[in-house]
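Okay, query.txt now, which holds compact mmCIF, C-alpha atoms:
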```txt
# COMPACT_ATOMS: atom_id res chain seq x y z
CA MET Q 21 37.93 -5.64 -55.54
CA ASP Q 22 39.30 -7.80 -52.72
CA THR Q 23 36.78 -9.54 -50.50
CA LEU Q 24 36.93 -9.21 -46.72
CA ASP Q 25 38.34 -12.24 -44.94
CA ILE Q 26 36.23 -12.56 -41.80
CA THR Q 27 38.71 -14.96 -40.20
CA ALA Q 28 41.34 -12.22 -40.37
CA LEU Q 29 39.25 -9.82 -38.28
CA PRO Q 30 40.16 -9.30 -34.62
CA PRO Q 31 37.79 -10.76 -31.96
CA ALA Q 32 36.31 -7.33 -31.15
CA ALA Q 33 35.39 -6.77 -34.81
CA LEU Q 34 33.87 -10.24 -35.03
CA ASN Q 35 31.74 -9.55 -31.94
CA ARG Q 36 30.52 -6.25 -33.42
CA LYS Q 37 29.68 -7.98 -36.69
CA LYS Q 38 27.80 -10.71 -34.82
CA LYS Q 39 25.79 -8.15 -32.83
CA ILE Q 40 24.84 -6.27 -36.01
CA SER Q 41 23.73 -9.49 -37.70
CA ILE Q 42 21.61 -10.38 -34.66
CA TRP Q 43 19.77 -7.05 -34.86
CA LYS Q 44 19.21 -7.52 -38.59
CA LYS Q 45 17.94 -11.06 -38.18
CA SER Q 46 15.59 -10.26 -35.29
CA PRO Q 47 12.73 -8.06 -36.52
CA SER Q 48 10.82 -8.96 -33.36
CA LEU Q 49 13.51 -7.35 -31.22
CA ASN Q 50 13.65 -4.24 -33.41
CA ALA Q 51 9.87 -3.82 -33.45
CA GLY Q 52 9.65 -4.49 -29.71
CA VAL Q 53 12.30 -1.91 -28.89
CA VAL Q 54 10.56 0.73 -31.01
CA MET Q 55 7.10 0.02 -29.60
CA VAL Q 56 8.24 -0.16 -25.99
CA GLY Q 57 10.28 3.00 -26.56
CA LEU Q 58 7.15 4.82 -27.69
CA VAL Q 59 5.29 3.59 -24.61
CA LEU Q 60 8.11 4.86 -22.40
CA ILE Q 61 8.02 8.27 -24.11
CA PHE Q 62 4.27 8.57 -23.56
CA ALA Q 63 4.67 7.46 -19.95
CA GLY Q 64 7.55 9.84 -19.28
CA LEU Q 65 6.20 12.97 -21.00
CA PRO Q 66 2.40 12.93 -20.73
CA GLY Q 67 2.17 16.63 -19.96
CA LEU Q 68 4.04 17.56 -23.14
CA ILE Q 69 2.12 15.17 -25.40
CA ALA Q 70 -1.43 15.84 -24.16
CA ALA Q 71 -2.74 19.41 -24.31
CA PHE Q 72 -5.60 18.88 -21.83
CA SER Q 73 -5.76 17.74 -18.23
CA PRO Q 74 -6.95 14.13 -17.88
CA THR Q 75 -9.39 15.03 -15.11
CA SER Q 76 -10.71 18.47 -16.15
CA GLN Q 77 -14.41 18.36 -17.07
CA ASP Q 78 -16.12 20.39 -19.79
CA ALA Q 79 -19.92 20.33 -19.83
CA ASP Q 80 -19.96 21.98 -23.27
CA HIS Q 81 -18.10 19.12 -24.95
CA ILE Q 82 -19.69 15.94 -23.64
CA LEU Q 83 -19.43 12.76 -25.77
CA GLU Q 84 -17.88 14.57 -28.73
CA ALA Q 85 -16.56 12.39 -31.54
CA PRO Q 86 -12.84 12.44 -32.42
CA SER Q 87 -11.77 15.74 -33.99
CA LEU Q 88 -8.70 17.91 -34.43
CA ALA Q 89 -9.28 19.50 -31.03
CA HIS Q 90 -9.90 16.13 -29.35
CA PRO Q 91 -8.20 13.36 -31.40
CA PHE Q 92 -9.75 10.58 -29.29
CA GLY Q 93 -13.02 12.42 -28.58
CA THR Q 94 -14.42 13.24 -25.15
CA ASP Q 95 -16.20 11.15 -22.52
CA ASN Q 96 -19.44 11.56 -20.61
CA PHE Q 97 -17.89 14.27 -18.41
CA GLY Q 98 -16.36 16.18 -21.31
CA ARG Q 99 -12.85 14.98 -20.45
CA ASP Q 100 -10.36 14.58 -23.28
CA VAL Q 101 -9.95 10.85 -23.94
CA PHE Q 102 -6.55 11.34 -25.59
CA ALA Q 103 -5.23 13.04 -22.46
CA ARG Q 104 -6.64 10.28 -20.28
CA VAL Q 105 -5.10 7.55 -22.43
CA VAL Q 106 -1.71 9.29 -22.50
CA HIS Q 107 -1.64 9.90 -18.75
CA GLY Q 108 -2.91 6.36 -18.17
CA THR Q 109 0.20 5.03 -19.92
CA ARG Q 110 2.35 5.89 -16.90
CA ILE Q 111 0.00 4.15 -14.48
CA ASP Q 112 -0.38 0.97 -16.54
CA LEU Q 113 3.34 0.80 -17.30
CA THR Q 114 4.13 1.26 -13.61
CA ILE Q 115 1.73 -1.55 -12.77
CA GLY Q 116 3.34 -3.82 -15.35
CA LEU Q 117 6.94 -3.11 -14.33
CA LEU Q 118 6.55 -2.89 -10.56
CA ALA Q 119 4.25 -5.90 -10.38
CA THR Q 120 6.82 -7.90 -12.36
CA LEU Q 121 9.98 -6.77 -10.56
CA VAL Q 122 9.16 -8.04 -7.06
CA PRO Q 123 7.97 -11.53 -8.16
CA PHE Q 124 11.02 -11.74 -10.45
CA ILE Q 125 13.39 -11.14 -7.53
CA THR Q 126 11.45 -13.21 -5.00
CA GLY Q 127 10.78 -16.15 -7.30
CA SER Q 128 14.36 -16.23 -8.59
CA LEU Q 129 15.77 -16.39 -5.05
CA ILE Q 130 13.31 -19.13 -4.04
CA GLY Q 131 14.11 -21.15 -7.17
CA LEU Q 132 17.83 -20.61 -6.58
CA ILE Q 133 17.67 -21.97 -3.04
CA ALA Q 134 15.35 -24.86 -3.91
CA GLY Q 135 17.40 -25.99 -6.91
CA TYR Q 136 20.79 -25.70 -5.22
CA TYR Q 137 20.12 -27.33 -1.84
CA GLY Q 138 17.50 -29.85 -2.97
CA LYS Q 139 16.32 -32.52 -0.50
CA TRP Q 140 13.86 -31.30 2.15
CA VAL Q 141 14.40 -27.64 1.30
CA ASP Q 142 13.33 -28.26 -2.27
CA SER Q 143 10.40 -30.44 -1.16
CA VAL Q 144 8.98 -27.82 1.21
CA LEU Q 145 9.33 -24.93 -1.23
CA MET Q 146 7.92 -26.90 -4.14
CA ARG Q 147 4.89 -28.04 -2.12
CA ILE Q 148 4.15 -24.40 -1.36
CA LEU Q 149 4.55 -23.65 -5.07
CA ASP Q 150 2.14 -26.48 -5.93
CA ILE Q 151 -0.54 -24.90 -3.74
CA PHE Q 152 -0.29 -21.64 -5.68
CA MET Q 153 -0.12 -23.48 -9.01
CA ALA Q 154 -3.40 -25.24 -8.25
CA PHE Q 155 -5.35 -22.00 -8.76
CA PRO Q 156 -5.47 -19.78 -11.85
CA PHE Q 157 -3.39 -16.61 -11.51
CA ILE Q 158 -6.18 -14.10 -12.08
CA VAL Q 159 -8.58 -15.94 -9.73
CA LEU Q 160 -6.10 -15.74 -6.84
CA VAL Q 161 -5.36 -12.08 -7.56
CA ILE Q 162 -9.07 -11.20 -7.61
CA ALA Q 163 -9.64 -13.13 -4.38
CA ILE Q 164 -6.79 -11.38 -2.57
CA VAL Q 165 -7.83 -7.92 -3.78
CA ALA Q 166 -11.43 -8.66 -2.78
CA ILE Q 167 -10.23 -9.50 0.73
CA LEU Q 168 -7.84 -6.55 1.07
CA GLY Q 169 -10.12 -4.07 -0.68
CA PRO Q 170 -9.86 -2.17 -3.98
CA GLY Q 171 -6.90 0.08 -4.68
CA LEU Q 172 -3.56 0.19 -6.44
CA ASN Q 173 -1.47 -0.79 -3.40
CA ASN Q 174 -3.59 -3.88 -2.74
CA LEU Q 175 -3.32 -4.76 -6.42
CA TYR Q 176 0.47 -4.77 -6.10
CA ILE Q 177 0.31 -6.92 -2.97
CA ALA Q 178 -1.97 -9.46 -4.65
CA ILE Q 179 0.27 -9.83 -7.71
CA TRP Q 180 3.41 -10.01 -5.57
CA LEU Q 181 1.92 -12.82 -3.47
CA VAL Q 182 0.95 -14.86 -6.54
CA GLY Q 183 3.34 -13.96 -9.36
CA TRP Q 184 6.59 -15.42 -7.96
CA LYS Q 185 5.76 -19.06 -8.64
CA ASP Q 186 6.63 -19.13 -12.38
CA TYR Q 187 10.03 -17.55 -11.79
CA ALA Q 188 10.78 -20.00 -8.98
CA ARG Q 189 9.96 -22.96 -11.21
CA LEU Q 190 12.07 -21.66 -14.12
CA VAL Q 191 15.13 -20.79 -12.03
CA ARG Q 192 14.93 -24.03 -10.04
CA SER Q 193 15.08 -26.15 -13.19
CA GLU Q 194 18.06 -24.17 -14.49
CA VAL Q 195 19.92 -24.36 -11.17
CA MET Q 196 19.49 -28.13 -10.92
CA VAL Q 197 21.47 -28.42 -14.15
CA ALA Q 198 23.97 -25.64 -13.44
CA LYS Q 199 24.99 -26.85 -9.97
CA ASN Q 200 26.59 -29.92 -11.56
CA ALA Q 201 28.59 -27.87 -14.08
CA GLU Q 202 32.37 -27.86 -13.99
CA TYR Q 203 32.69 -24.20 -13.00
CA VAL Q 204 30.53 -24.80 -9.92
CA GLN Q 205 32.52 -27.88 -8.93
CA ALA Q 206 35.73 -25.89 -9.37
CA ALA Q 207 34.38 -23.14 -7.12
CA LYS Q 208 33.59 -25.70 -4.43
CA ILE Q 209 37.08 -27.18 -4.68
CA LEU Q 210 38.56 -23.70 -4.23
CA GLY Q 211 36.63 -23.40 -0.99
CA PHE Q 212 34.11 -20.75 -1.99
CA GLY Q 213 31.04 -20.49 0.24
CA ASP Q 214 27.51 -21.30 -0.87
CA LEU Q 215 26.47 -17.64 -0.94
CA ARG Q 216 29.28 -16.69 -3.32
CA ILE Q 217 28.65 -19.71 -5.53
CA LEU Q 218 24.93 -18.95 -5.70
CA LEU Q 219 25.14 -15.21 -6.36
CA ARG Q 220 28.35 -14.88 -8.38
CA HIS Q 221 28.57 -18.15 -10.30
CA ILE Q 222 25.16 -19.78 -10.68
CA LEU Q 223 22.67 -16.90 -10.66
CA PRO Q 224 24.16 -14.91 -13.59
CA ASN Q 225 24.11 -18.07 -15.71
CA VAL Q 226 20.51 -19.10 -15.06
CA LEU Q 227 18.64 -15.78 -15.25
CA SER Q 228 18.37 -15.52 -19.04
CA VAL Q 229 15.19 -17.62 -19.22
CA SER Q 230 13.59 -15.63 -16.40
CA ILE Q 231 14.49 -12.31 -18.04
CA VAL Q 232 12.77 -13.37 -21.24
CA PHE Q 233 9.76 -14.53 -19.27
CA ALA Q 234 9.67 -11.25 -17.34
CA ALA Q 235 9.32 -9.26 -20.58
CA ALA Q 236 6.19 -11.24 -21.41
CA ASP Q 237 5.02 -11.17 -17.79
CA VAL Q 238 4.83 -7.37 -17.92
CA VAL Q 239 1.97 -7.84 -20.39
CA MET Q 240 0.15 -10.20 -18.02
CA CYS Q 241 0.52 -7.77 -15.13
CA MET Q 242 -0.75 -4.87 -17.24
CA LEU Q 243 -3.74 -6.95 -18.34
CA SER Q 244 -4.39 -8.01 -14.75
CA GLY Q 245 -4.27 -4.41 -13.57
CA ALA Q 246 -6.61 -3.28 -16.35
CA SER Q 247 -8.97 -6.20 -15.69
CA LEU Q 248 -9.21 -5.46 -11.98
CA SER Q 249 -9.73 -1.76 -12.67
CA PHE Q 250 -12.46 -2.71 -15.13
CA LEU Q 251 -14.12 -4.74 -12.36
CA GLY Q 252 -13.76 -1.86 -9.91
CA LEU Q 253 -11.08 -3.59 -7.79
CA GLY Q 254 -7.99 -1.82 -9.10
CA VAL Q 255 -7.33 1.85 -9.81
CA GLN Q 256 -10.31 3.94 -8.79
CA PRO Q 257 -11.92 6.78 -10.82
CA PRO Q 258 -11.23 9.51 -11.73
CA THR Q 259 -7.60 8.34 -12.03
CA PRO Q 260 -6.88 7.77 -15.75
CA GLU Q 261 -6.09 4.08 -16.11
CA TRP Q 262 -6.86 2.13 -19.28
CA GLY Q 263 -9.06 -0.52 -17.65
CA ALA Q 264 -10.93 2.08 -15.61
CA ILE Q 265 -11.49 4.23 -18.71
CA ILE Q 266 -12.94 1.23 -20.57
CA SER Q 267 -15.16 0.44 -17.58
CA GLU Q 268 -16.50 4.01 -17.49
CA GLY Q 269 -17.12 4.03 -21.24
CA ARG Q 270 -18.93 0.70 -21.59
CA ALA Q 271 -22.27 2.33 -20.71
CA TYR Q 272 -21.87 4.62 -23.75
CA LEU Q 273 -20.46 2.02 -26.15
CA SER Q 274 -23.31 2.35 -28.66
CA GLN Q 275 -23.09 6.14 -28.92
CA ALA Q 276 -19.47 6.88 -28.00
CA TRP Q 277 -17.35 3.90 -29.07
CA TRP Q 278 -14.13 5.90 -28.84
CA ILE Q 279 -14.14 5.96 -25.04
CA CYS Q 280 -13.51 2.20 -24.92
CA ALA Q 281 -11.75 1.73 -28.26
CA PHE Q 282 -8.69 3.92 -27.78
CA PRO Q 283 -7.60 2.75 -24.31
CA GLY Q 284 -8.18 -0.81 -25.55
CA LEU Q 285 -5.93 -0.19 -28.56
CA ALA Q 286 -3.31 1.36 -26.28
CA LEU Q 287 -3.35 -1.78 -24.13
CA VAL Q 288 -2.99 -3.97 -27.23
CA PHE Q 289 -0.12 -1.82 -28.55
CA ALA Q 290 1.82 -1.92 -25.27
CA GLY Q 291 1.19 -5.64 -24.82
CA THR Q 292 2.32 -6.41 -28.36
CA GLY Q 293 5.47 -4.33 -27.86
CA PHE Q 294 6.54 -6.19 -24.73
CA SER Q 295 5.65 -9.55 -26.30
CA LEU Q 296 7.84 -8.79 -29.33
CA LEU Q 297 10.59 -7.58 -27.01
CA GLY Q 298 10.44 -10.88 -25.14
CA ASP Q 299 10.61 -12.87 -28.39
CA GLY Q 300 13.55 -10.76 -29.55
CA LEU Q 301 15.41 -11.23 -26.28
CA SER Q 302 14.84 -14.97 -26.58
CA ASP Q 303 16.38 -14.95 -30.06
CA LEU Q 304 19.27 -12.77 -28.85
CA LEU Q 305 20.12 -14.96 -25.87
CA ARG Q 306 19.74 -18.15 -27.90
CA THR Q 307 22.11 -16.79 -30.56
CA LYS Q 308 24.55 -15.63 -27.88
CA GLY Q 309 24.58 -19.07 -26.35
CA ARG Q 310 25.59 -20.76 -29.59
```
Would you mind writing the file's structure down as structure tokens?
Amino acid sequence: MDTLDITALPPAALNRKKKISIWKKSPSLNAGVVMVGLVLIFAGLPGLIAAFSPTSQDADHILEAPSLAHPFGTDNFGRDVFARVVHGTRIDLTIGLLATLVPFITGSLIGLIAGYYGKWVDSVLMRILDIFMAFPFIVLVIAIVAILGPGLNNLYIAIWLVGWKDYARLVRSEVMVAKNAEYVQAAKILGFGDLRILLRHILPNVLSVSIVFAAADVVMCMLSGASLSFLGLGVQPPTPEWGAIISEGRAYLSQAWWICAFPGLALVFAGTGFSLLGDGLSDLLRTKGR
């Protein structure tokens, strides 16, 4: 039987073969896509997955252990923990994605401007960045939320004010290299303006590192949201959010471990999924760049 000569394949077939090999060689990407996909399904269809309301109380079924009727048991108000965990998926995922999107955009634009123009523009923006870098992320977020008051909107504001700095630093370093590339110099010779060079030529070529970082940053934002809710500064009861559920269940940890265990496992599962997705994207972009 004749063997297939890869060199004889057309470019389109070679690209398809390369993409297939990337998926086969990146178990992290495959596992991340599956796990994040499951999280998205739970977040998008909580009413179909959970049979009970996440806030309905039942005095006859308080602190019941996991069973067929209540797979994750019930809490101190007789609420179904499975329903609360499922409905909490949407809230925690929204926190992770929305709290990542705004810093991603803001930080990328700041890093783009600082890296391209340099000189005093870069010095001013980087000194501002150094001020934010001097304090731990979670400490600044807690301080801002404590000043503004507890609540989901203030949680977003706090993360938006603090989370941009890592993206700015990453994009700035990439732009400082890219602005000296031949395609940028050619664009300048052709008379293109700075705005077109920045948005159409440099930005698409420097965002890959930030995109990979954003996938992992979703995990940090979800953990920050859950941590603040646990401390009473984030989502407020009776809204079903994983950190808030754990906070409510800690008083019953010795007699009803399931109240804290299952939302904690859900947080670990979602965080692991996005971490694997970030690792897989890193492998994919690194292979693509070869």
Excluding region 111-113 of chain Q and any residue of its chain fewer than 3 positions from it, enumerate the residues within 6 Å of it, using all atoms listed in the file, and give them as JSON, numbers by chain. {"Q": [108, 116, 242]}
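A straight line drawn from CA of Phe289 (chain Q) to CA of Lys185 (chain Q) is 27.0 Å long.
Shortest atom-to-atom contact with Phe62 (chain Q) among Q:Asn50, Q:Thr109, Q:Leu301, Q:Glu268: Q:Thr109, counting only C-alpha atoms.
From CA of Gly291 (chain Q) back to CA of Leu190 (chain Q), the distance works out to 22.1 Å.
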Choose the residue, out of Q:Ala71, Q:Ile179, Q:Ala201, Q:Ile266, that has the smallest atom-to-atom separation from Thr126 (chain Q); count all atoms listed in the file. Q:Ile179
For each of Q:Gly171, Q:Gly138, Q:Gly298, Q:Gly98, take the minimum atom-to-atom distance to Val239 (chain Q), counting only C-alpha atoms, then give the residue where this is smallest. Q:Gly298
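Minimum distance to Ser244 (chain Q) across Q:Ile279, Q:Leu83, Q:Val165, Q:Ile125 (counting only C-alpha atoms) occurs at Q:Val165.
When the distance limit is 10 Å and only C-alpha atoms are what count, the residues near Leu227 (chain Q), minus those fewer than 5 positions from it on the same chain, are Phe124, Ser128, Leu132, Tyr187, Leu190, Val191, Glu194, Val195, Ile222, Val232 and Phe233 of chain Q.
Nearest-residue note for Ala178 (chain Q): choosing from Q:Leu253, Q:Leu129, Q:Val238, Q:Val204, the minimum distance belongs to Q:Leu253, counting only C-alpha atoms.
Atom pair CA of Val122 (chain Q) / CA of Trp180 (chain Q) has a distance of 6.3 Å (rounded to one decimal).
Using all atoms listed in the file, the smallest distance between any of Q:Asp186, Q:Ser87, Q:Arg270, Q:His221 and Tyr203 (chain Q) comes from Q:His221.
Every protein, DNA or RNA residue with an atom at most 10 Å from Ala286 (chain Q), where all atoms listed in the file count and chain neighbours fewer than 4 positions away do not, is listed here: Q:Val59, Q:Val105, Q:Val106, Q:Gly108, Q:Thr109, Q:Trp262, Q:Ala281, Q:Phe282, Q:Ala290, Q:Gly291, Q:Thr292.
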Please write as a VMD selection string the list of polymer residues whose atoms come within 8 Å of (-8.9, 15.2, -19.6), counting all atoms listed in the file and keeping to the coordinates of the file. chain Q and resid 72 to 77 98 to 104
For Leu149 (chain Q), list every protein, DNA or RNA residue within 12 Å, evaluated using all atoms listed in the file, and leave out those in the same chain fewer than 5 positions away; present the list as a list of chain:residue names. Q:Gly127, Q:Ile130, Q:Gly131, Q:Ala134, Q:Asp142, Q:Ser143, Q:Val144, Q:Ala154, Q:Phe155, Q:Leu181, Q:Val182, Q:Gly183, Q:Trp184, Q:Lys185, Q:Asp186, Q:Tyr187, Q:Ala188, Q:Arg189, Q:Leu190, Q:Arg192
Excluding Leu168 (chain Q) and residues on its chain fewer than 4 positions from it, collect all residues at most 10 Å away from it, counting only C-alpha atoms, and give them as a list in words. Ile162, Ala163, Ile164, Asn173, Asn174, Leu175, Ile177, Ala178 and Leu253 of chain Q
